[in-house]
>>> print(open('run_30.csv').read())   # CSV, C-alpha atoms
chain,number,residue,atom,x,y,z
A,1,MET,CA,12.3,124.7,82.1
A,2,VAL,CA,10.5,127.8,80.7
A,3,ASP,CA,6.8,128.5,81.3
A,4,TYR,CA,4.9,130.4,78.7
A,5,ARG,CA,3.9,133.0,81.4
A,6,LEU,CA,7.6,133.8,81.7
A,7,ILE,CA,7.9,134.2,78.0
A,8,ARG,CA,5.0,136.6,77.9
A,9,LYS,CA,6.4,138.6,80.8
A,10,PHE,CA,10.0,138.6,79.4
A,11,PHE,CA,8.8,140.0,76.0
A,12,ASN,CA,6.1,142.2,77.4
A,13,PRO,CA,6.1,145.5,75.3
A,14,GLY,CA,5.3,147.4,78.5
A,15,ALA,CA,8.6,146.4,80.0
A,16,MET,CA,10.8,147.5,77.1
A,17,SER,CA,13.1,149.5,79.3
A,18,SER,CA,14.0,146.4,81.3
A,19,ARG,CA,14.3,144.4,78.1
A,20,THR,CA,16.7,146.9,76.7
A,21,VAL,CA,18.9,146.5,79.8
A,22,ASP,CA,18.6,142.7,79.4
A,23,LEU,CA,19.6,142.9,75.8
A,24,CYS,CA,22.7,144.9,76.6
A,25,ARG,CA,23.7,142.4,79.2
A,26,LEU,CA,23.1,139.5,76.8
A,27,LEU,CA,25.4,141.2,74.3
A,28,LEU,CA,28.0,141.9,76.9
A,29,SER,CA,27.9,138.3,78.1
A,30,ARG,CA,29.0,137.3,74.6
A,31,ALA,CA,32.2,139.2,75.4
A,32,GLY,CA,32.7,137.4,78.7
A,33,ARG,CA,30.6,139.4,81.2
A,34,ARG,CA,28.4,137.5,83.6
A,35,TYR,CA,25.0,138.5,85.0
A,36,PRO,CA,22.6,136.5,87.3
A,37,MET,CA,19.5,137.0,85.2
A,38,PHE,CA,18.2,133.5,85.9
A,39,VAL,CA,18.9,131.8,89.2
A,40,GLN,CA,18.2,128.4,90.7
A,41,PHE,CA,18.5,128.5,94.5
A,42,LEU,CA,18.8,125.1,96.2
A,43,MET,CA,17.5,126.4,99.6
A,44,THR,CA,18.1,123.2,101.5
A,45,ALA,CA,19.3,119.6,101.1
A,46,ARG,CA,16.6,118.6,103.6
A,47,CYS,CA,13.6,116.7,102.4
A,48,ASN,CA,10.6,114.9,103.7
A,49,LEU,CA,11.1,112.2,101.0
A,50,ASP,CA,14.1,110.0,100.0
A,51,CYS,CA,13.8,109.5,96.2
A,52,ALA,CA,15.9,106.8,94.7
A,53,TYR,CA,17.6,108.9,92.2
A,54,CYS,CA,18.1,112.2,94.0
A,55,GLU,CA,21.5,113.8,93.8
A,56,VAL,CA,21.2,116.1,96.8
A,57,PRO,CA,21.1,113.7,99.8
A,58,PRO,CA,24.8,112.6,99.4
A,59,PHE,CA,25.8,116.2,100.1
A,60,LYS,CA,25.7,117.8,103.6
A,61,TYR,CA,25.3,121.5,103.4
A,62,GLU,CA,25.4,124.3,105.9
A,63,GLU,CA,22.3,126.4,105.2
A,64,MET,CA,22.3,130.1,105.0
A,65,SER,CA,20.3,131.9,107.7
A,66,ARG,CA,17.1,133.8,106.8
A,67,SER,CA,19.0,137.2,107.0
A,68,GLU,CA,21.8,135.9,104.8
A,69,VAL,CA,19.2,134.6,102.2
A,70,MET,CA,17.4,138.0,102.2
A,71,GLU,CA,20.7,139.8,101.7
A,72,MET,CA,21.5,137.5,98.8
A,73,LEU,CA,18.1,138.1,97.2
A,74,ASP,CA,18.5,141.8,97.6
A,75,GLU,CA,21.9,141.7,95.9
A,76,LEU,CA,20.6,139.6,93.0
A,77,CYS,CA,17.6,141.8,92.5
A,78,ARG,CA,19.8,144.9,92.3
A,79,ALA,CA,22.0,143.0,89.8
A,80,GLY,CA,19.1,142.5,87.4
A,81,MET,CA,17.8,139.0,88.3
A,82,ARG,CA,14.6,138.3,86.3
A,83,LYS,CA,13.7,134.8,87.4
A,84,ILE,CA,14.5,132.6,90.4
A,85,THR,CA,13.6,129.0,91.1
A,86,PHE,CA,13.5,127.9,94.7
A,87,SER,CA,14.3,124.2,95.0
A,88,GLY,CA,16.0,121.7,97.2
A,89,GLY,CA,15.8,119.2,98.7
A,90,GLU,CA,12.2,120.2,99.5
A,91,PRO,CA,12.0,124.1,99.7
A,92,LEU,CA,8.8,124.0,101.7
A,93,VAL,CA,10.7,122.6,104.7
A,94,ARG,CA,12.2,126.1,105.1
A,95,GLU,CA,9.9,128.4,107.1
A,96,ASP,CA,11.2,131.5,105.3
A,97,LEU,CA,10.3,130.4,101.8
A,98,GLY,CA,7.2,132.6,101.8
A,99,ASP,CA,9.3,135.6,102.9
A,100,CYS,CA,11.6,135.0,100.0
A,101,VAL,CA,8.8,134.7,97.5
A,102,ARG,CA,7.2,137.9,98.6
A,103,PHE,CA,10.5,139.8,98.6
A,104,VAL,CA,11.4,138.9,95.0
A,105,ARG,CA,7.8,139.4,93.7
A,106,LYS,CA,7.7,142.9,95.1
A,107,ARG,CA,10.9,143.5,93.1
A,108,GLY,CA,9.2,142.3,89.9
A,109,VAL,CA,11.1,139.0,89.7
A,110,PHE,CA,9.4,135.9,88.3
A,111,ALA,CA,9.4,133.3,91.2
A,112,ASN,CA,8.6,129.6,91.1
A,113,ILE,CA,9.2,126.6,93.3
A,114,ILE,CA,9.9,122.9,92.6
A,115,THR,CA,8.2,120.7,95.2
A,116,ASN,CA,7.0,117.2,95.9
A,117,GLY,CA,3.7,118.8,96.9
A,118,ILE,CA,3.2,117.0,100.2
A,119,LEU,CA,3.6,120.2,102.4
A,120,LEU,CA,1.8,122.5,99.9
A,121,PRO,CA,-1.6,122.4,101.6
A,122,MET,CA,-0.1,123.7,104.8
A,123,ARG,CA,1.9,126.4,103.2
A,124,LEU,CA,-0.3,127.6,100.4
A,125,ASP,CA,-1.3,130.9,102.1
A,126,ASP,CA,2.4,131.6,102.6
A,127,LEU,CA,3.0,131.5,98.8
A,128,LYS,CA,0.4,134.1,97.7
A,129,GLY,CA,1.6,135.8,94.5
A,130,ILE,CA,3.9,133.1,93.4
A,131,ASP,CA,4.2,132.9,89.6
A,132,LEU,CA,4.5,129.1,89.2
A,133,ILE,CA,4.5,125.9,91.2
A,134,VAL,CA,6.2,122.8,89.7
A,135,VAL,CA,5.1,119.5,91.3
A,136,SER,CA,7.1,116.3,90.9
A,137,LEU,CA,4.9,113.6,89.3
A,138,ASP,CA,6.6,110.4,88.0
A,139,GLY,CA,3.5,108.5,86.9
A,140,PRO,CA,0.5,106.7,88.4
A,141,LYS,CA,0.6,105.7,92.0
A,142,GLU,CA,2.5,102.5,91.7
A,143,CYS,CA,5.3,104.1,89.7
A,144,HIS,CA,5.5,107.3,91.7
A,145,ASP,CA,5.5,105.7,95.1
A,146,GLN,CA,8.0,103.1,94.1
A,147,VAL,CA,10.8,105.7,93.7
A,148,ARG,CA,9.5,108.4,96.0
A,149,GLY,CA,7.9,106.6,98.9
A,150,LYS,CA,4.5,105.4,100.0
A,151,GLY,CA,1.8,108.1,100.0
A,152,SER,CA,3.9,110.5,97.9
A,153,PHE,CA,1.6,110.2,94.9
A,154,ASP,CA,-1.5,111.1,96.9
A,155,GLY,CA,0.4,114.2,98.2
A,156,ALA,CA,1.4,115.2,94.7
A,157,LEU,CA,-2.0,114.8,93.2
A,158,LYS,CA,-3.6,116.8,96.0
A,159,ALA,CA,-1.1,119.6,95.4
A,160,LEU,CA,-2.0,119.7,91.7
A,161,GLU,CA,-5.7,119.7,92.4
A,162,LEU,CA,-5.3,122.4,95.0
A,163,CYS,CA,-3.3,124.6,92.5
A,164,ARG,CA,-6.1,124.2,89.9
A,165,GLU,CA,-8.8,125.0,92.5
A,166,LYS,CA,-7.0,128.2,93.7
A,167,GLY,CA,-6.0,129.3,90.2
A,168,ILE,CA,-2.3,129.1,90.8
A,169,PRO,CA,-0.2,128.4,87.7
A,170,PHE,CA,1.4,124.9,87.9
A,171,MET,CA,3.3,122.4,85.9
A,172,THR,CA,4.4,118.8,86.5
A,173,SER,CA,8.0,117.5,86.5
A,174,THR,CA,8.7,113.9,85.7
A,175,VAL,CA,12.0,112.0,86.1
A,176,ILE,CA,12.2,109.2,83.4
A,177,SER,CA,13.4,105.8,84.5
A,178,LYS,CA,12.7,102.1,84.1
A,179,THR,CA,9.9,102.4,86.6
A,180,ASN,CA,7.7,104.7,84.5
A,181,ILE,CA,9.0,104.3,80.9
A,182,ASP,CA,5.7,102.8,79.8
A,183,ARG,CA,3.5,105.0,81.9
A,184,LEU,CA,4.4,108.5,80.6
A,185,ASP,CA,1.1,108.7,78.9
A,186,PHE,CA,-0.5,108.9,82.3
A,187,VAL,CA,1.3,112.1,83.1
A,188,LEU,CA,0.5,113.6,79.7
A,189,ASP,CA,-3.2,112.7,79.9
A,190,LEU,CA,-3.3,114.2,83.3
A,191,THR,CA,-1.6,117.5,82.3
A,192,ARG,CA,-3.8,117.7,79.2
A,193,ARG,CA,-6.9,117.3,81.5
A,194,PHE,CA,-5.5,120.0,83.8
A,195,GLY,CA,-4.5,122.2,80.8
A,196,THR,CA,-0.9,122.6,81.9
A,197,THR,CA,2.6,121.7,80.8
A,198,ALA,CA,4.7,118.6,81.5
A,199,ILE,CA,8.5,118.6,82.1
A,200,PHE,CA,10.5,115.5,81.5
A,201,GLN,CA,14.1,114.6,82.1
A,202,PRO,CA,16.1,111.3,82.7
A,203,ILE,CA,18.2,110.7,85.7
A,204,GLU,CA,21.3,112.9,85.5
A,205,LEU,CA,24.2,111.4,87.4
A,206,GLY,CA,27.0,113.4,89.0
A,207,HIS,CA,27.9,111.4,92.0
A,208,ALA,CA,28.9,107.8,92.8
A,209,GLU,CA,26.3,107.4,95.5
A,210,THR,CA,23.6,108.5,93.2
A,211,LEU,CA,24.7,106.0,90.6
A,212,GLU,CA,24.7,103.2,93.3
A,213,ARG,CA,21.2,104.2,94.5
A,214,SER,CA,19.6,104.3,91.1
A,215,ALA,CA,21.7,101.8,89.1
A,216,GLY,CA,18.7,99.5,88.5
A,217,ILE,CA,16.4,102.1,87.1
A,218,ILE,CA,18.6,104.1,84.7
A,219,LEU,CA,17.5,103.9,81.1
A,220,GLY,CA,19.8,102.8,78.3
A,221,GLU,CA,20.4,104.9,75.2
A,222,ASN,CA,17.9,103.0,73.0
A,223,GLU,CA,15.3,103.2,75.7
A,224,LEU,CA,15.8,106.9,76.0
A,225,ARG,CA,15.6,107.4,72.3
A,226,ASP,CA,12.2,105.6,72.3
A,227,VAL,CA,11.0,107.8,75.0
A,228,TYR,CA,12.0,110.9,73.1
A,229,LYS,CA,10.2,109.7,70.0
A,230,PHE,CA,7.1,109.2,72.0
A,231,LEU,CA,7.4,112.7,73.6
A,232,LEU,CA,8.0,114.3,70.2
A,233,GLU,CA,4.9,112.6,68.8
A,234,ARG,CA,2.8,113.7,71.7
A,235,LYS,CA,4.2,117.2,71.4
A,236,LYS,CA,3.2,117.3,67.7
A,237,SER,CA,-0.3,116.1,68.7
A,238,GLY,CA,-0.8,119.1,70.9
A,239,ASP,CA,0.5,118.1,74.4
A,240,LYS,CA,2.3,120.8,76.2
A,241,ILE,CA,5.8,119.3,76.8
A,242,SER,CA,8.6,121.5,78.0
A,243,TYR,CA,11.3,120.0,75.9
A,244,PRO,CA,11.9,122.0,72.7
A,245,GLY,CA,11.2,119.9,69.6
A,246,ARG,CA,14.7,120.7,68.3
A,247,LEU,CA,16.2,119.2,71.4
A,248,LEU,CA,14.1,116.1,71.2
A,249,LYS,CA,15.2,115.6,67.5
A,250,THR,CA,18.8,115.9,68.6
A,251,PHE,CA,18.3,113.1,71.2
A,252,ILE,CA,16.5,110.9,68.7
A,253,ASP,CA,19.2,111.3,66.1
A,254,GLY,CA,21.8,110.4,68.6
A,255,ARG,CA,23.7,113.7,68.1
A,256,ARG,CA,25.8,115.2,70.9
A,257,VAL,CA,24.0,117.8,72.9
A,258,SER,CA,26.0,121.0,73.0
A,259,GLN,CA,27.0,122.8,76.2
A,260,CYS,CA,24.5,125.3,77.5
A,261,ARG,CA,25.4,128.7,76.0
A,262,TRP,CA,24.3,130.8,78.9
A,263,ALA,CA,25.1,128.6,81.9
A,264,GLY,CA,27.6,130.5,84.1
A,265,ARG,CA,27.0,133.6,82.0
A,266,LEU,CA,23.3,134.6,82.4
A,267,PHE,CA,22.3,131.6,84.5
A,268,CYS,CA,23.6,130.2,87.7
A,269,SER,CA,22.8,127.9,90.6
A,270,ILE,CA,23.3,128.7,94.3
A,271,LEU,CA,23.8,126.0,96.9
A,272,PRO,CA,22.3,126.1,100.4
A,273,ASP,CA,25.7,127.2,101.8
A,274,GLY,CA,26.1,130.1,99.3
A,275,ARG,CA,28.4,128.6,96.7
A,276,VAL,CA,27.7,129.7,93.2
A,277,LEU,CA,28.1,127.4,90.2
A,278,PRO,CA,26.9,127.3,86.6
A,279,CYS,CA,24.3,124.7,87.0
A,280,ASN,CA,23.0,122.4,89.8
A,281,LEU,CA,23.9,119.4,87.7
A,282,LEU,CA,27.6,120.2,88.4
A,283,LEU,CA,27.1,120.2,92.2
A,284,ALA,CA,29.2,117.0,92.5
A,285,ASP,CA,32.1,118.8,90.8
A,286,ASN,CA,35.0,119.0,93.2
A,287,ARG,CA,36.3,122.4,92.0
A,288,GLN,CA,36.3,125.3,94.4
A,289,TRP,CA,33.2,127.3,93.6
A,290,LYS,CA,33.2,130.8,95.1
A,291,ASN,CA,30.9,131.4,98.0
A,292,GLY,CA,28.7,134.4,97.8
A,293,ARG,CA,28.5,134.8,101.5
A,294,SER,CA,32.1,136.0,101.6
A,295,ALA,CA,32.8,137.2,98.1
A,296,GLY,CA,29.4,138.6,97.2
A,297,PHE,CA,27.1,136.6,95.0
A,298,VAL,CA,27.5,138.7,91.8
A,299,ARG,CA,31.3,138.7,92.3
A,300,ALA,CA,31.2,134.9,93.0
A,301,MET,CA,29.5,134.5,89.6
A,302,GLU,CA,31.9,136.8,87.9
A,303,GLN,CA,34.9,134.9,89.4
A,304,MET,CA,33.5,131.5,88.7
A,305,PRO,CA,36.3,129.0,87.9
A,306,PRO,CA,36.5,127.7,84.3
A,307,PHE,CA,34.3,124.7,83.7
A,308,GLN,CA,33.5,122.3,81.0
A,309,CYS,CA,30.0,120.8,80.5
A,310,GLY,CA,29.4,117.9,78.1
A,311,GLY,CA,25.7,118.9,77.7
A,312,CYS,CA,22.8,117.2,79.4
A,313,HIS,CA,19.2,116.0,78.9
A,314,ALA,CA,17.8,118.6,81.3
A,315,GLY,CA,15.5,121.4,80.3
A,316,TYR,CA,18.0,124.2,80.5
A,317,SER,CA,18.2,124.4,76.8
A,318,GLU,CA,14.9,126.3,76.9
A,319,LEU,CA,16.7,129.1,78.7
A,320,ASP,CA,19.2,129.1,75.9
A,321,SER,CA,16.4,129.4,73.4
A,322,LEU,CA,14.7,132.2,75.4
A,323,LEU,CA,17.9,134.2,75.8
A,324,SER,CA,18.8,133.7,72.2
A,325,PHE,CA,15.3,134.9,71.1
A,326,ARG,CA,14.6,131.6,69.4
A,327,LEU,CA,11.0,131.4,70.5
A,328,TRP,CA,10.1,129.0,67.7
A,329,ASP,CA,12.2,126.4,69.7
A,330,LEU,CA,9.8,126.6,72.6
>>> encode(input="run_30.csv", output="C-alpha cells")
Amino acid sequence: MVDYRLIRKFFNPGAMSSRTVDLCRLLLSRAGRRYPMFVQFLMTARCNLDCAYCEVPPFKYEEMSRSEVMEMLDELCRAGMRKITFSGGEPLVREDLGDCVRFVRKRGVFANIITNGILLPMRLDDLKGIDLIVVSLDGPKECHDQVRGKGSFDGALKALELCREKGIPFMTSTVISKTNIDRLDFVLDLTRRFGTTAIFQPIELGHAETLERSAGIILGENELRDVYKFLLERKKSGDKISYPGRLLKTFIDGRRVSQCRWAGRLFCSILPDGRVLPCNLLLADNRQWKNGRSAGFVRAMEQMPPFQCGGCHAGYSELDSLLSFRLWDL
C-alpha cells in the first residue's frame, strides 16, 4: 500500500540528500545488503473485534514494553527508516501508540496506522501529526458486520467521517470475500465521494486455523479474476485504487505473481514480541526468525534466515514499484 503523499515526500526535491542515501542503499541491497527503509510493526495481537478471516488471533505473542518499543524505533530511525505502519491486531488498544507516532514523526519518518476505526474518536488527539490513517471497510453495513461483528460498520464510518472533518489523510482497506464480492461498488462510491483511495486484497492464508475460520467465504480463482476485472475497469474510469494496473492485469491473465523484490531487503515486518521477518504474510512460517530485542533489529534483519515467497495478492507490489522508481505502475 502506497499513498500518493508518501510518493511526493519520497521524491521531494528538497530532500535530495536523503534520497541520495536511499538510492545508495537501494543499489547496495541488490548486492545482498539489507536496510529497514519500510517497516510494518504489528504492535499487538489484541483486538476489540474478532474478524472471520484474521490471521493474527491464532498466535499468542508477548508484547514489547513501551521502553523496548521506543528503543526499537530509535534504532530503526538511525538506520534510515523512511516509513512505518503501525498495525495489529488493533494498534489503538496500545496506550503508547501516540508516543510512537510522535517519536517517528519528529525524526521525519512517514507514519500511518491500520485500524478498524472504533477506538479512533477516543484517541484522535493522541495521533496529531500522523501522515495517514487506513480504516478497514468491507462494504455496506450488512457485509461489514457479517465478518467483523455487529456495530463495527458504524464505528468504521464514523472514523472515516471524523478523519475528513479533521483534515487527516485517510484511506480504506477492504478484504475481498464471498460476503462482499458484489458490493465493492459501495466502497468505491464512498471513497470517490470522500476523495480518497481504496485498498483491496483477498484473504491471504498462512495458518490452518485461519483457513478453518474463513473456509466458507474464500473466493475461487474465477471469482477473483472477475473482481480484478471490475477493479481495473473502475481504476481506468478514475477511481483511486491502490492496486497497480500492471498487477491487476497479471491477476486477470492468470499469470504467476513474482516474489516481492524488496521484501526482507528494504522492507520488513516486526511482530509484537520483536521477531523480524520479511513480510507479515509469512508470520505462520515456522522458521526461527531473529528477535531484535536480543540481536538488535537491524542485525536481525541482516541475519534473516533464507526464505521463499510464492508471491501474493497483497499490495506490497506497490513498494516494489516505488523502490524501483516505476512510478507509472502506481
>>> atom_distance(input="run_30.csv", atom1="atom CA of Asn291 of chain A", atom2="atom CA of Gly108 of chain A")
25.6 Å
>>> closest_residue(input="run_30.csv", among="A:Arg46, A:Val298, A:Cys77, A:Phe230", to="Glu62 of chain A", atoms="all atoms listed in the file")
A:Arg46
>>> residues_around(input="run_30.csv", residues="segment 26-42 of chain A", least_positions_apart="3", cutoff="8 Å", atoms="all atoms listed in the file", output="VMD selection string")
chain A and resid 22 to 23 45 76 79 to 89 91 264 to 272 280 298 301 to 302 323
>>> closest_residue(input="run_30.csv", among="A:Leu119, A:Ile203, A:Ala300, A:Ile130", to="Met72 of chain A", atoms="all atoms listed in the file")
A:Ala300
>>> residues_near_point(input="run_30.csv", point="(33.7, 130.0, 92.1)", cutoff="8 Å", atoms="all atoms listed in the file", output="number ranges by chain")
A: 275-277, 288-291, 300-301, 303-305
>>> atom_distance(input="run_30.csv", atom1="atom CA of Cys143 of chain A", atom2="atom CA of Thr115 of chain A")
17.7 Å
>>> atom_distance(input="run_30.csv", atom1="atom CA of Arg293 of chain A", atom2="atom CA of Ala111 of chain A")
21.8 Å
>>> closest_residue(input="run_30.csv", among="A:Asp96, A:Gly151, A:Val69, A:Arg107", to="Asp126 of chain A", atoms="all atoms listed in the file")
A:Asp96
>>> closest_residue(input="run_30.csv", among="A:Ser242, A:Ser136, A:Thr172, A:Ser177", to="Val227 of chain A", atoms="all atoms listed in the file")
A:Ser177
>>> closest_residue(input="run_30.csv", among="A:Arg183, A:Arg192, A:Arg123, A:Arg148", to="Val93 of chain A", atoms="only C-alpha atoms")
A:Arg123
>>> closest_residue(input="run_30.csv", among="A:Ala215, A:Glu95, A:Cys100, A:Asp50", to="Gln146 of chain A", atoms="all atoms listed in the file")
A:Asp50
>>> build_atoms(input="run_30.csv", residues="segment 122-154 of chain A", atoms="N, CA and C atoms", output="CSV table (one decimal), in the coordinates of the input")
chain,number,residue,atom,x,y,z
A,122,MET,N,-0.4,122.9,103.6
A,122,MET,CA,-0.1,123.7,104.8
A,122,MET,C,0.5,125.0,104.6
A,123,ARG,N,1.1,125.2,103.4
A,123,ARG,CA,1.9,126.4,103.2
A,123,ARG,C,1.3,127.3,102.1
A,124,LEU,N,0.2,126.9,101.6
A,124,LEU,CA,-0.3,127.6,100.4
A,124,LEU,C,-0.5,129.1,100.6
A,125,ASP,N,-1.1,129.5,101.8
A,125,ASP,CA,-1.3,130.9,102.1
A,125,ASP,C,0.0,131.7,102.2
A,126,ASP,N,1.1,131.0,102.4
A,126,ASP,CA,2.4,131.6,102.6
A,126,ASP,C,3.0,131.9,101.2
A,127,LEU,N,2.4,131.4,100.1
A,127,LEU,CA,3.0,131.5,98.8
A,127,LEU,C,2.1,132.4,97.9
A,128,LYS,N,1.3,133.3,98.5
A,128,LYS,CA,0.4,134.1,97.7
A,128,LYS,C,1.3,135.0,96.7
A,129,GLY,N,0.9,135.0,95.5
A,129,GLY,CA,1.6,135.8,94.5
A,129,GLY,C,2.6,135.1,93.7
A,130,ILE,N,2.9,133.8,94.1
A,130,ILE,CA,3.9,133.1,93.4
A,130,ILE,C,3.5,132.9,91.9
A,131,ASP,N,4.5,132.9,91.0
A,131,ASP,CA,4.2,132.9,89.6
A,131,ASP,C,3.9,131.4,89.1
A,132,LEU,N,4.6,130.5,89.7
A,132,LEU,CA,4.5,129.1,89.2
A,132,LEU,C,4.9,128.1,90.3
A,133,ILE,N,4.1,127.0,90.3
A,133,ILE,CA,4.5,125.9,91.2
A,133,ILE,C,4.7,124.7,90.3
A,134,VAL,N,5.9,124.0,90.5
A,134,VAL,CA,6.2,122.8,89.7
A,134,VAL,C,6.1,121.6,90.7
A,135,VAL,N,5.3,120.7,90.4
A,135,VAL,CA,5.1,119.5,91.3
A,135,VAL,C,5.6,118.3,90.6
A,136,SER,N,6.4,117.6,91.4
A,136,SER,CA,7.1,116.3,90.9
A,136,SER,C,6.0,115.2,90.8
A,137,LEU,N,5.9,114.6,89.6
A,137,LEU,CA,4.9,113.6,89.3
A,137,LEU,C,5.6,112.6,88.4
A,138,ASP,N,5.9,111.4,88.8
A,138,ASP,CA,6.6,110.4,88.0
A,138,ASP,C,5.7,109.4,87.3
A,139,GLY,N,4.4,109.5,87.5
A,139,GLY,CA,3.5,108.5,86.9
A,139,GLY,C,2.3,108.2,87.8
A,140,PRO,N,1.6,107.1,87.5
A,140,PRO,CA,0.5,106.7,88.4
A,140,PRO,C,1.1,106.2,89.7
A,141,LYS,N,0.2,105.9,90.6
A,141,LYS,CA,0.6,105.7,92.0
A,141,LYS,C,1.6,104.7,92.2
A,142,GLU,N,1.5,103.5,91.5
A,142,GLU,CA,2.5,102.5,91.7
A,142,GLU,C,3.9,102.9,91.3
A,143,CYS,N,3.9,103.6,90.2
A,143,CYS,CA,5.3,104.1,89.7
A,143,CYS,C,5.8,105.2,90.6
A,144,HIS,N,5.0,106.1,90.9
A,144,HIS,CA,5.5,107.3,91.7
A,144,HIS,C,5.9,106.9,93.1
A,145,ASP,N,5.1,106.1,93.8
A,145,ASP,CA,5.5,105.7,95.1
A,145,ASP,C,6.7,104.7,95.2
A,146,GLN,N,6.9,104.0,94.1
A,146,GLN,CA,8.0,103.1,94.1
A,146,GLN,C,9.4,103.8,94.2
A,147,VAL,N,9.5,105.0,93.6
A,147,VAL,CA,10.8,105.7,93.7
A,147,VAL,C,10.8,106.8,94.7
A,148,ARG,N,9.6,107.3,95.1
A,148,ARG,CA,9.5,108.4,96.0
A,148,ARG,C,9.0,108.1,97.4
A,149,GLY,N,8.4,107.0,97.6
A,149,GLY,CA,7.9,106.6,98.9
A,149,GLY,C,6.4,106.5,99.0
A,150,LYS,N,5.9,105.6,99.8
A,150,LYS,CA,4.5,105.4,100.0
A,150,LYS,C,3.8,106.7,100.4
A,151,GLY,N,2.7,106.9,99.7
A,151,GLY,CA,1.8,108.1,100.0
A,151,GLY,C,2.3,109.4,99.3
A,152,SER,N,3.4,109.3,98.6
A,152,SER,CA,3.9,110.5,97.9
A,152,SER,C,3.0,110.9,96.7
A,153,PHE,N,2.5,109.9,96.0
A,153,PHE,CA,1.6,110.2,94.9
A,153,PHE,C,0.4,110.9,95.3
A,154,ASP,N,-0.3,110.5,96.4
A,154,ASP,CA,-1.5,111.1,96.9
A,154,ASP,C,-1.2,112.6,97.2
